>>> print(open('entry02.pdb').read())   # PDB, C-alpha atoms
ATOM      1  CA  MET A1240       0.000   0.000   0.000
ATOM      2  CA  ASN A1241       2.734   2.383   1.062
ATOM      3  CA  ARG A1242       4.701   1.607  -2.007
ATOM      4  CA  PHE A1243       1.668   2.285  -4.191
ATOM      5  CA  LEU A1244       1.196   5.683  -2.559
ATOM      6  CA  ASN A1245       4.837   6.435  -3.100
ATOM      7  CA  THR A1246       4.631   5.748  -6.827
ATOM      8  CA  CYS A1247       1.467   7.833  -7.006
ATOM      9  CA  GLN A1248       3.251  10.738  -5.404
ATOM     10  CA  ARG A1249       6.173  10.380  -7.726
ATOM     11  CA  MET A1250       3.884  10.295 -10.746
ATOM     12  CA  ALA A1251       2.022  13.374  -9.605
ATOM     13  CA  LEU A1252       5.296  15.201  -9.116
ATOM     14  CA  GLY A1253       6.424  14.123 -12.568
ATOM     15  CA  ILE A1254       3.237  15.378 -14.177
ATOM     16  CA  LEU A1255       3.489  18.693 -12.331
ATOM     17  CA  LEU A1256       7.091  19.159 -13.371
ATOM     18  CA  SER A1257       6.356  18.406 -17.002
ATOM     19  CA  LEU A1258       3.443  20.845 -16.926
ATOM     20  CA  PHE A1259       5.715  23.546 -15.569
ATOM     21  CA  SER A1260       8.328  22.928 -18.191
ATOM     22  CA  LEU A1261       5.640  22.978 -20.893
ATOM     23  CA  SER A1262       4.294  26.314 -19.720
ATOM     24  CA  SER A1263       7.757  27.827 -19.606
ATOM     25  CA  ILE A1264       8.320  26.656 -23.165
ATOM     26  CA  SER A1265       5.135  28.315 -24.373
ATOM     27  CA  ILE A1266       6.057  31.558 -22.610
ATOM     28  CA  ALA A1267       9.481  31.446 -24.186
ATOM     29  CA  ASN A1268       7.878  31.031 -27.593
ATOM     30  CA  GLU A1269       5.648  34.031 -27.156
ATOM     31  CA  ALA A1270       8.313  36.338 -25.833
ATOM     32  CA  LYS A1271      10.580  35.778 -28.817
ATOM     33  CA  PRO A1272       9.268  38.404 -31.269
ATOM     34  CA  LEU A1273       9.930  41.101 -28.656
ATOM     35  CA  ALA A1274      13.632  40.836 -29.245
ATOM     36  CA  ASP A1275      13.213  41.090 -33.002
ATOM     37  CA  ASN A1276      11.765  44.556 -33.085
ATOM     38  CA  PRO A1277      10.985  46.187 -29.744
ATOM     39  CA  GLU A1278       9.520  49.279 -31.359
ATOM     40  CA  LEU A1279       6.981  47.273 -33.326
ATOM     41  CA  GLU A1280       6.154  45.182 -30.267
ATOM     42  CA  ALA A1281       5.477  48.299 -28.233
ATOM     43  CA  LYS A1282       3.070  49.471 -30.932
ATOM     44  CA  VAL A1283       1.359  46.085 -30.973
ATOM     45  CA  GLN A1284       0.954  46.356 -27.203
ATOM     46  CA  THR A1285      -0.632  49.811 -27.316
ATOM     47  CA  ILE A1286      -3.268  48.499 -29.699
ATOM     48  CA  ALA A1287      -3.687  45.154 -27.973
ATOM     49  CA  ILE A1288      -4.512  46.687 -24.589
ATOM     50  CA  GLU A1289      -7.515  48.419 -26.140
ATOM     51  CA  LEU A1290      -9.017  45.200 -27.482
ATOM     52  CA  ARG A1291     -10.947  42.610 -25.550
ATOM     53  CA  CYS A1292     -10.162  38.935 -25.767
ATOM     54  CA  LEU A1293     -13.520  37.408 -26.612
ATOM     55  CA  VAL A1294     -12.627  34.006 -25.224
ATOM     56  CA  CYS A1295     -11.702  35.222 -21.735
ATOM     57  CA  GLN A1296     -13.848  38.289 -21.678
ATOM     58  CA  ASN A1297     -12.293  40.222 -18.830
ATOM     59  CA  GLU A1298      -8.832  40.208 -20.324
ATOM     60  CA  THR A1299      -7.359  42.309 -23.087
ATOM     61  CA  ILE A1300      -5.717  40.762 -26.089
ATOM     62  CA  ALA A1301      -2.422  42.018 -24.657
ATOM     63  CA  GLY A1302      -2.860  40.158 -21.390
ATOM     64  CA  SER A1303      -4.439  36.926 -22.532
ATOM     65  CA  HIS A1304      -2.763  33.642 -23.361
ATOM     66  CA  ALA A1305      -5.797  32.311 -25.238
ATOM     67  CA  ASP A1306      -5.109  31.031 -28.733
ATOM     68  CA  LEU A1307      -7.322  33.643 -30.315
ATOM     69  CA  ALA A1308      -5.536  36.452 -28.468
ATOM     70  CA  VAL A1309      -2.191  35.224 -29.789
ATOM     71  CA  ASP A1310      -3.637  35.080 -33.312
ATOM     72  CA  LEU A1311      -5.058  38.558 -33.027
ATOM     73  CA  ARG A1312      -1.757  39.932 -31.721
ATOM     74  CA  ASN A1313      -0.089  38.384 -34.764
ATOM     75  CA  GLN A1314      -2.766  39.953 -36.943
ATOM     76  CA  ILE A1315      -2.053  43.372 -35.419
ATOM     77  CA  ARG A1316       1.678  42.838 -35.988
ATOM     78  CA  THR A1317       1.318  41.900 -39.656
ATOM     79  CA  GLN A1318      -1.056  44.781 -40.293
ATOM     80  CA  LEU A1319       1.366  47.230 -38.685
ATOM     81  CA  GLN A1320       4.139  45.813 -40.837
ATOM     82  CA  ASN A1321       1.908  46.402 -43.856
ATOM     83  CA  GLY A1322       1.713  50.060 -42.900
ATOM     84  CA  LYS A1323      -1.785  50.102 -41.411
ATOM     85  CA  SER A1324      -2.572  52.730 -38.789
ATOM     86  CA  LYS A1325      -3.973  52.094 -35.317
ATOM     87  CA  ASP A1326      -7.430  53.309 -36.349
ATOM     88  CA  ASP A1327      -7.388  51.008 -39.381
ATOM     89  CA  ILE A1328      -6.622  48.010 -37.213
ATOM     90  CA  ILE A1329      -9.200  48.844 -34.573
ATOM     91  CA  SER A1330     -11.931  49.317 -37.161
ATOM     92  CA  TYR A1331     -10.817  46.033 -38.773
ATOM     93  CA  MET A1332     -11.461  44.298 -35.441
ATOM     94  CA  VAL A1333     -14.774  46.072 -34.819
ATOM     95  CA  ASP A1334     -15.978  45.104 -38.316
ATOM     96  CA  ARG A1335     -15.458  41.454 -37.446
ATOM     97  CA  TYR A1336     -16.123  41.163 -33.729
ATOM     98  CA  GLY A1337     -18.410  44.132 -33.036
ATOM     99  CA  ASP A1338     -18.154  46.921 -30.473
ATOM    100  CA  PHE A1339     -17.687  44.346 -27.745
ATOM    101  CA  VAL A1340     -14.105  43.877 -28.875
ATOM    102  CA  LEU A1341     -13.312  47.394 -27.666
ATOM    103  CA  TYR A1342     -12.220  47.282 -24.055
ATOM    104  CA  LYS A1343     -13.559  50.789 -23.601
ATOM    105  CA  PRO A1344     -17.074  50.845 -25.058
ATOM    106  CA  PRO A1345     -17.890  53.776 -27.384
ATOM    107  CA  VAL A1346     -20.469  56.361 -26.280
ATOM    108  CA  LYS A1347     -23.545  55.537 -28.352
ATOM    109  CA  SER A1348     -27.278  55.715 -27.851
ATOM    110  CA  ASN A1349     -27.357  52.148 -26.548
ATOM    111  CA  THR A1350     -24.440  52.660 -24.160
ATOM    112  CA  LEU A1351     -25.697  55.900 -22.563
ATOM    113  CA  VAL A1352     -27.022  54.065 -19.503
ATOM    114  CA  LEU A1353     -23.702  52.282 -19.166
ATOM    115  CA  TRP A1354     -21.722  55.516 -19.294
ATOM    116  CA  PHE A1355     -23.978  57.862 -17.332
ATOM    117  CA  GLY A1356     -26.091  55.495 -15.204
ATOM    118  CA  PRO A1357     -23.531  55.354 -12.380
ATOM    119  CA  PHE A1358     -23.403  59.163 -12.135
ATOM    120  CA  ILE A1359     -27.192  59.327 -11.967
ATOM    121  CA  ILE A1360     -27.196  56.735  -9.184
ATOM    122  CA  LEU A1361     -24.483  58.753  -7.431
ATOM    123  CA  LEU A1362     -26.583  61.947  -7.651
ATOM    124  CA  VAL A1363     -29.647  60.161  -6.288
ATOM    125  CA  GLY A1364     -27.537  58.773  -3.459
ATOM    126  CA  LEU A1365     -26.129  62.237  -2.647
ATOM    127  CA  TRP A1366     -29.593  63.707  -2.630
ATOM    128  CA  ALA A1367     -30.848  60.986  -0.259
ATOM    129  CA  LEU A1368     -27.809  61.450   1.972
ATOM    130  CA  LEU A1369     -28.258  65.226   2.190
ATOM    131  CA  ARG A1370     -31.929  64.799   3.053
ATOM    132  CA  GLN A1371     -31.058  62.329   5.750
ATOM    133  CA  ILE A1372     -28.454  64.663   7.235
ATOM    134  CA  ARG A1373     -30.900  67.585   7.325
ATOM    135  CA  GLN A1374     -33.543  65.515   9.079
ATOM    136  CA  GLY A1375     -30.944  64.267  11.528
ATOM    137  CA  ARG A1376     -30.051  67.854  12.467
ATOM    138  CA  VAL A1377     -33.642  68.630  13.423
ATOM    139  CA  GLN A1378     -33.640  65.521  15.573
ATOM    140  CA  VAL A1379     -30.464  66.585  17.374
ATOM    141  CA  LYS A1380     -31.849  70.033  18.188
ATOM    142  CA  LEU A1381     -34.944  68.480  19.644
ATOM    143  CA  ASP A1382     -33.014  66.086  21.814
ATOM    144  CA  SER A1383     -30.750  68.682  23.397
ATOM    145  CA  GLY A1384     -31.856  70.543  26.484
ATOM    146  CA  ASN A1385     -33.919  69.624  29.487
ATOM    147  CA  PRO A1386     -35.276  66.046  29.272
ATOM    148  CA  ASP A1387     -38.618  67.110  30.735
ATOM    149  CA  ASP A1388     -38.983  69.836  28.123
ATOM    150  CA  VAL A1389     -38.225  67.380  25.387
ATOM    151  CA  LEU A1390     -40.926  65.049  26.641
ATOM    152  CA  LYS A1391     -43.426  67.877  26.743
ATOM    153  CA  ALA A1392     -42.499  68.977  23.258
ATOM    154  CA  ARG A1393     -42.872  65.433  21.973
ATOM    155  CA  THR A1394     -46.370  65.022  23.389
ATOM    156  CA  LEU A1395     -47.358  68.394  22.008
ATOM    157  CA  LEU A1396     -46.009  67.521  18.598
ATOM    158  CA  SER A1397     -47.733  64.172  18.448
ATOM    159  CA  SER A1398     -51.056  65.650  19.535
ATOM    160  CA  ALA A1399     -50.642  68.349  16.917
ATOM    161  CA  LYS A1400     -50.020  65.689  14.306
ATOM    162  CA  LYS A1401     -53.177  63.860  15.356
ATOM    163  CA  ASP A1402     -55.149  67.095  15.109
ATOM    164  CA  THR A1403     -54.052  67.803  11.598
ATOM    165  CA  LYS A1404     -55.037  64.310  10.599
TER     166      LYS A1404
ATOM    167  CA  MET B1159     -44.653  52.975   1.981
ATOM    168  CA  LYS B1160     -41.428  54.603   3.102
ATOM    169  CA  ARG B1161     -40.733  51.681   5.369
ATOM    170  CA  PHE B1162     -40.840  49.279   2.442
ATOM    171  CA  LEU B1163     -38.617  51.358   0.176
ATOM    172  CA  PRO B1164     -35.401  49.437   0.976
ATOM    173  CA  LEU B1165     -37.234  46.176   0.435
ATOM    174  CA  ILE B1166     -38.527  47.382  -2.934
ATOM    175  CA  ILE B1167     -35.049  48.483  -4.003
ATOM    176  CA  PHE B1168     -33.677  45.120  -2.899
ATOM    177  CA  ALA B1169     -36.371  43.298  -4.894
ATOM    178  CA  CYS B1170     -35.471  45.353  -7.992
ATOM    179  CA  LEU B1171     -31.824  44.397  -7.580
ATOM    180  CA  CYS B1172     -32.839  40.741  -7.268
ATOM    181  CA  VAL B1173     -34.825  40.940 -10.486
ATOM    182  CA  PHE B1174     -31.826  42.457 -12.291
ATOM    183  CA  LEU B1175     -29.562  39.768 -10.879
ATOM    184  CA  VAL B1176     -31.857  36.966 -12.038
ATOM    185  CA  ILE B1177     -32.113  38.470 -15.519
ATOM    186  CA  GLY B1178     -28.350  38.948 -15.618
ATOM    187  CA  LEU B1179     -27.682  35.376 -14.623
ATOM    188  CA  GLN B1180     -29.846  34.077 -17.429
ATOM    189  CA  LEU B1181     -28.026  36.024 -20.125
ATOM    190  CA  ASN B1182     -25.301  34.205 -21.987
ATOM    191  CA  PRO B1183     -22.123  36.304 -21.925
ATOM    192  CA  LYS B1184     -20.822  34.396 -24.960
ATOM    193  CA  ASP B1185     -23.776  35.569 -26.998
ATOM    194  CA  ILE B1186     -22.346  38.651 -28.648
ATOM    195  CA  PRO B1187     -24.236  40.071 -31.608
ATOM    196  CA  SER B1188     -22.138  39.680 -34.739
ATOM    197  CA  PRO B1189     -21.621  42.814 -36.829
ATOM    198  CA  LEU B1190     -21.516  40.547 -39.892
ATOM    199  CA  ILE B1191     -25.220  39.780 -39.826
ATOM    200  CA  GLY B1192     -26.908  41.348 -42.836
ATOM    201  CA  LYS B1193     -23.554  41.682 -44.599
ATOM    202  CA  ALA B1194     -21.995  39.638 -47.359
ATOM    203  CA  ALA B1195     -20.117  36.572 -46.174
ATOM    204  CA  PRO B1196     -16.391  37.403 -46.360
ATOM    205  CA  GLN B1197     -14.765  35.910 -49.444
ATOM    206  CA  PHE B1198     -11.828  33.535 -49.316
ATOM    207  CA  SER B1199     -10.340  30.693 -51.277
ATOM    208  CA  GLN B1200      -9.065  27.846 -49.161
ATOM    209  CA  PRO B1201      -8.063  24.221 -49.754
ATOM    210  CA  ILE B1202     -10.536  21.451 -49.114
ATOM    211  CA  LEU B1203      -9.926  18.668 -46.620
ATOM    212  CA  ASN B1204      -9.254  15.357 -48.435
ATOM    213  CA  GLU B1205      -8.935  17.141 -51.815
ATOM    214  CA  THR B1206      -5.434  18.489 -51.979
ATOM    215  CA  HIS B1207      -5.726  20.225 -55.331
ATOM    216  CA  GLN B1208      -9.110  21.828 -55.040
ATOM    217  CA  SER B1209     -10.152  24.966 -53.290
ATOM    218  CA  PHE B1210     -13.429  26.378 -52.135
ATOM    219  CA  SER B1211     -14.800  29.889 -52.036
ATOM    220  CA  PRO B1212     -18.231  30.982 -50.752
ATOM    221  CA  GLU B1213     -19.013  32.249 -54.255
ATOM    222  CA  GLN B1214     -19.548  28.613 -55.283
ATOM    223  CA  MET B1215     -22.605  28.413 -53.023
ATOM    224  CA  ARG B1216     -24.361  31.392 -54.569
ATOM    225  CA  GLY B1217     -28.022  30.648 -55.211
ATOM    226  CA  LYS B1218     -28.231  28.252 -52.286
ATOM    227  CA  VAL B1219     -29.148  28.711 -48.665
ATOM    228  CA  TRP B1220     -26.404  27.011 -46.666
ATOM    229  CA  LEU B1221     -24.737  26.590 -43.324
ATOM    230  CA  LEU B1222     -21.095  27.291 -42.596
ATOM    231  CA  ASN B1223     -20.200  25.280 -39.516
ATOM    232  CA  VAL B1224     -16.907  26.036 -37.781
ATOM    233  CA  TRP B1225     -15.503  22.892 -36.183
ATOM    234  CA  ALA B1226     -12.293  21.282 -34.990
ATOM    235  CA  SER B1227     -11.282  17.885 -33.711
ATOM    236  CA  TRP B1228      -9.947  19.501 -30.510
ATOM    237  CA  CYS B1229     -13.252  21.189 -29.794
ATOM    238  CA  VAL B1230     -15.219  19.420 -27.094
ATOM    239  CA  SER B1231     -18.620  21.000 -27.637
ATOM    240  CA  CYS B1232     -18.385  20.111 -31.331
ATOM    241  CA  ARG B1233     -18.946  16.514 -30.260
ATOM    242  CA  GLU B1234     -22.170  17.594 -28.638
ATOM    243  CA  GLU B1235     -23.663  19.143 -31.745
ATOM    244  CA  HIS B1236     -22.228  16.712 -34.276
ATOM    245  CA  PRO B1237     -25.085  14.161 -34.171
ATOM    246  CA  LEU B1238     -27.502  17.019 -34.880
ATOM    247  CA  LEU B1239     -25.504  18.047 -37.950
ATOM    248  CA  ASN B1240     -25.474  14.425 -39.085
ATOM    249  CA  GLU B1241     -29.239  14.375 -38.755
ATOM    250  CA  LEU B1242     -29.632  17.632 -40.721
ATOM    251  CA  ALA B1243     -27.441  16.188 -43.467
ATOM    252  CA  LYS B1244     -29.318  12.891 -43.534
ATOM    253  CA  GLN B1245     -32.649  14.638 -43.958
ATOM    254  CA  GLN B1246     -31.074  16.946 -46.555
ATOM    255  CA  THR B1247     -32.496  19.939 -44.745
ATOM    256  CA  ILE B1248     -29.728  22.287 -45.807
ATOM    257  CA  PRO B1249     -26.257  21.911 -47.321
ATOM    258  CA  ILE B1250     -23.575  22.197 -44.646
ATOM    259  CA  ILE B1251     -20.027  23.309 -45.360
ATOM    260  CA  GLY B1252     -17.488  22.726 -42.620
ATOM    261  CA  LEU B1253     -14.734  25.136 -41.707
ATOM    262  CA  ASN B1254     -12.023  23.043 -40.091
ATOM    263  CA  TYR B1255     -10.594  25.705 -37.797
ATOM    264  CA  LYS B1256      -6.979  25.563 -36.555
ATOM    265  CA  ASP B1257      -6.773  21.807 -36.774
ATOM    266  CA  GLN B1258      -4.398  19.130 -38.027
ATOM    267  CA  ASP B1259      -5.540  17.455 -41.239
ATOM    268  CA  ASP B1260      -4.959  13.938 -39.937
ATOM    269  CA  ALA B1261      -6.794  14.532 -36.680
ATOM    270  CA  ALA B1262      -9.654  16.155 -38.582
ATOM    271  CA  LYS B1263      -9.964  13.250 -41.032
ATOM    272  CA  GLU B1264      -9.913  10.727 -38.236
ATOM    273  CA  TRP B1265     -12.559  12.670 -36.335
ATOM    274  CA  LEU B1266     -14.863  12.734 -39.348
ATOM    275  CA  SER B1267     -14.480   9.026 -40.019
ATOM    276  CA  LYS B1268     -15.257   8.292 -36.381
ATOM    277  CA  MET B1269     -18.114  10.744 -35.809
ATOM    278  CA  GLY B1270     -19.658  10.782 -39.288
ATOM    279  CA  ASP B1271     -19.278  13.439 -41.967
ATOM    280  CA  PRO B1272     -22.295  15.721 -42.405
ATOM    281  CA  TYR B1273     -20.367  18.184 -44.554
ATOM    282  CA  GLN B1274     -20.520  18.548 -48.302
ATOM    283  CA  LEU B1275     -16.910  19.476 -47.855
ATOM    284  CA  SER B1276     -14.679  20.895 -45.167
ATOM    285  CA  ILE B1277     -12.491  23.916 -45.744
ATOM    286  CA  VAL B1278      -9.030  23.853 -44.196
ATOM    287  CA  ASP B1279      -8.211  26.944 -42.137
ATOM    288  CA  ARG B1280      -5.091  25.939 -40.301
ATOM    289  CA  SER B1281      -3.894  29.473 -39.559
ATOM    290  CA  GLY B1282      -7.309  30.657 -38.377
ATOM    291  CA  ASN B1283      -7.347  33.623 -40.774
ATOM    292  CA  VAL B1284     -10.712  32.752 -42.283
ATOM    293  CA  GLY B1285     -11.949  32.428 -38.711
ATOM    294  CA  ILE B1286     -10.782  35.958 -37.928
ATOM    295  CA  ASN B1287     -12.541  37.305 -41.011
ATOM    296  CA  TYR B1288     -15.770  35.691 -39.833
ATOM    297  CA  GLY B1289     -15.303  36.958 -36.283
ATOM    298  CA  VAL B1290     -15.016  33.454 -34.869
ATOM    299  CA  TYR B1291     -14.148  33.373 -31.169
ATOM    300  CA  GLY B1292     -15.815  30.266 -29.798
ATOM    301  CA  VAL B1293     -15.887  27.044 -31.752
ATOM    302  CA  PRO B1294     -18.373  25.661 -32.706
ATOM    303  CA  GLU B1295     -20.052  28.488 -34.542
ATOM    304  CA  THR B1296     -22.610  28.199 -37.303
ATOM    305  CA  PHE B1297     -23.446  30.813 -39.922
ATOM    306  CA  LEU B1298     -26.667  30.745 -41.916
ATOM    307  CA  ILE B1299     -26.024  32.244 -45.343
ATOM    308  CA  ASN B1300     -28.723  33.028 -47.889
ATOM    309  CA  SER B1301     -28.787  32.603 -51.658
ATOM    310  CA  GLN B1302     -27.337  36.090 -52.198
ATOM    311  CA  GLY B1303     -24.360  35.236 -50.023
ATOM    312  CA  ILE B1304     -25.540  37.377 -47.097
ATOM    313  CA  ILE B1305     -25.068  36.160 -43.505
ATOM    314  CA  VAL B1306     -28.556  35.903 -42.013
ATOM    315  CA  HIS B1307     -27.756  34.518 -38.591
ATOM    316  CA  LYS B1308     -24.938  33.261 -36.447
ATOM    317  CA  PHE B1309     -25.153  30.602 -33.768
ATOM    318  CA  THR B1310     -22.318  30.843 -31.259
ATOM    319  CA  GLY B1311     -21.651  27.629 -29.390
ATOM    320  CA  PRO B1312     -23.134  24.214 -30.097
ATOM    321  CA  LEU B1313     -26.474  23.862 -31.861
ATOM    322  CA  THR B1314     -29.147  22.225 -29.762
ATOM    323  CA  PRO B1315     -32.392  20.483 -30.787
ATOM    324  CA  SER B1316     -34.397  23.442 -29.477
ATOM    325  CA  LEU B1317     -32.217  25.989 -31.332
ATOM    326  CA  ILE B1318     -32.750  24.039 -34.539
ATOM    327  CA  ARG B1319     -36.478  23.700 -33.998
ATOM    328  CA  LYS B1320     -37.171  27.208 -32.720
ATOM    329  CA  GLU B1321     -34.682  29.282 -34.696
ATOM    330  CA  LEU B1322     -32.954  27.540 -37.569
ATOM    331  CA  LEU B1323     -35.925  25.762 -39.172
ATOM    332  CA  PRO B1324     -38.293  28.798 -39.062
ATOM    333  CA  MET B1325     -35.573  31.020 -40.549
ATOM    334  CA  LEU B1326     -34.905  28.430 -43.201
ATOM    335  CA  ALA B1327     -38.592  28.173 -44.110
ATOM    336  CA  LYS B1328     -38.734  31.952 -44.457
ATOM    337  CA  LEU B1329     -35.627  32.071 -46.662
ATOM    338  CA  ASN B1330     -36.885  29.280 -48.913
ATOM    339  CA  GLN B1331     -40.240  30.992 -49.216
ATOM    340  CA  SER B1332     -38.766  34.332 -50.247
ATOM    341  CA  SER B1333     -36.407  32.761 -52.780
ATOM    342  CA  SER B1334     -39.070  30.652 -54.503
TER     343      SER B1334
END
>>> encode(input="entry02.pdb", output="structure tokens")
Amino acid sequence: MNRFLNTCQRMALGILLSLFSLSSISIANEAKPLADNPELEAKVQTIAIELRCLVCQNETIAGSHADLAVDLRNQIRTQLQNGKSKDDIISYMVDRYGDFVLYKPPVKSNTLVLWFGPFIILLVGLWALLRQIRQGRVQVKLDSGNPDDVLKARTLLSSAKKDTK
Amino acid sequence: MKRFLPLIIFACLCVFLVIGLQLNPKDIPSPLIGKAAPQFSQPILNETHQSFSPEQMRGKVWLLNVWASWCVSCREEHPLLNELAKQQTIPIIGLNYKDQDDAAKEWLSKMGDPYQLSIVDRSGNVGINYGVYGVPETFLINSQGIIVHKFTGPLTPSLIRKELLPMLAKLNQSSS
């Protein structure tokens, strides 16, 4: 039994090690073009960070290791080499993948809520907060002073409220 | 009323959450719908000297199904494609996306081949032109070569019954 466990452990370790070595190989492969032309790579990066990787949706094409992201980075690189501008490349991507490919969504009629909704919620919250603070102040004034007076005032107020009803 | 305000706000948030959870984040509207299917000329799997371009399908309503032997959900939808092919509902062209020829051939001989032919796209460039980001994907293309609809992810019996077949009936009606 013990021996069996031992071999299991060894196998697991072996698999882990081979996985690590595999991942380091793939990283080494991807990093290679950087050395070739750092200026071009920097340009690729500035475009890639503005584009969303559609496979892993919360990552940019620059940050993702997904196959598609690698392909799209290569696409950006070849287009830059062919003399395309940044705007050309971004509109190329939008034509194929839609606005969703832009990491920063454009301001359009259907994204107005997305862009300005949070500010509206913030304003409503501020308004509610201010109201609350004002009401609280009245409360504080009422509470200060002689406790007997406060009690009297309270009963008067409540009877007045009943009367108006 | 005022007492219940927090509860009402909370209920609204719950409703939004439930709706949000039911949306499929992979379902991104394709900008290609209503536009001409991008042209290309690519080799055909099993036919080394022939190539295919979408122009050859002009006049027909057809499906372009993006598949790969490494794609797990392709297995799920494959029997449905086989069924569509058997009943000759619609011609299906395969786009063998970023695959190895041998693996692809083996996969087809094992799982059945519903495709009139499969286009080889080893580099994934055709895929990029069609905005492919999640295999399998299926494009419905009309007789004028316009993309009518795109299914992202595997086809299901209910998708075929509720969406594909009605759209197909409509397209066939308008063309005849």
>>> atom_distance(input="entry02.pdb", atom1="CA of Ala1281 (chain A)", atom2="CA of Asp1306 (chain A)")
20.3 Å
>>> closest_atom_pairs(input="entry02.pdb", of="chain B", to="chain A", cutoff="8 Å", atoms="all atoms listed in the file", output="CSV")
residue,atom,partner,partner_atom,distance
B:Ile1186,CA,A:Phe1339,CA,7.4
B:Pro1187,CA,A:Gly1337,CA,7.2
B:Ser1188,CA,A:Gly1337,CA,6.1
B:Pro1189,CA,A:Gly1337,CA,5.1
B:Leu1190,CA,A:Arg1335,CA,6.6
B:Gly1282,CA,A:Asp1310,CA,7.7
B:Ile1286,CA,A:Arg1335,CA,7.2
B:Asn1287,CA,A:Arg1335,CA,6.2
B:Tyr1288,CA,A:Arg1335,CA,6.2
B:Gly1289,CA,A:Arg1335,CA,4.6
B:Val1290,CA,A:Tyr1336,CA,7.9
B:Tyr1291,CA,A:Leu1293,CA,6.1
B:Gly1292,CA,A:Val1294,CA,6.7
>>> resolve_selection(input="entry02.pdb", expression="the PyMOL selection byres ((chain B and resi 1269) around 12)", output="PyMOL selection string")
chain B and resi 1227+1232-1240+1261-1268+1270-1273
>>> resolve_selection(input="entry02.pdb", expression="the PyMOL selection byres ((chain A and resi 1319) around 12)", output="list in words")
Glu1278, Leu1279, Glu1280, Ala1281, Lys1282, Val1283, Gln1284, Thr1285, Ile1286, Arg1312, Asn1313, Gln1314, Ile1315, Arg1316, Thr1317, Gln1318, Gln1320, Asn1321, Gly1322, Lys1323, Ser1324, Lys1325, Asp1326, Asp1327, Ile1328 and Ile1329 of chain A
>>> atom_distance(input="entry02.pdb", atom1="CA of Glu1289 (chain A)", atom2="CA of Cys1229 (chain B)")
28.1 Å
>>> atom_distance(input="entry02.pdb", atom1="CA of Ser1332 (chain B)", atom2="CA of Ala1243 (chain B)")
22.4 Å
>>> closest_residue(input="entry02.pdb", among="B:Asn1223, B:Asn1330, B:Gln1274, B:Thr1314", to="Val1293 (chain B)", atoms="only C-alpha atoms")
B:Asn1223
>>> resolve_selection(input="entry02.pdb", expression="the PyMOL selection byres ((chain B and resi 1211) around 7)", output="JSON, numbers by chain")
{"B": [1197, 1198, 1199, 1200, 1209, 1210, 1212, 1213, 1214]}
>>> write_last_selection(input="entry02.pdb", atoms="C-alpha atoms", output="compact mmCIF listing (two decimals), in the coordinates of the input")
# COMPACT_ATOMS: atom_id res chain seq x y z
CA GLN B 1197 -14.76 35.91 -49.44
CA PHE B 1198 -11.83 33.53 -49.32
CA SER B 1199 -10.34 30.69 -51.28
CA GLN B 1200 -9.06 27.85 -49.16
CA SER B 1209 -10.15 24.97 -53.29
CA PHE B 1210 -13.43 26.38 -52.14
CA PRO B 1212 -18.23 30.98 -50.75
CA GLU B 1213 -19.01 32.25 -54.26
CA GLN B 1214 -19.55 28.61 -55.28
>>> closest_residue(input="entry02.pdb", among="B:Leu1323, B:Gly1303, B:Leu1179, B:Asp1259", to="Thr1247 (chain B)", atoms="all atoms listed in the file")
B:Leu1323
>>> axis_aligned_box(input="entry02.pdb", around="region 1204-1215 of chain B", padding_each_side="8 Å", output="lines of an AutoDock Vina configuration file")
center_x = -14.0
center_y = 23.8
center_z = -51.9
size_x = 33.2
size_y = 32.9
size_z = 22.9
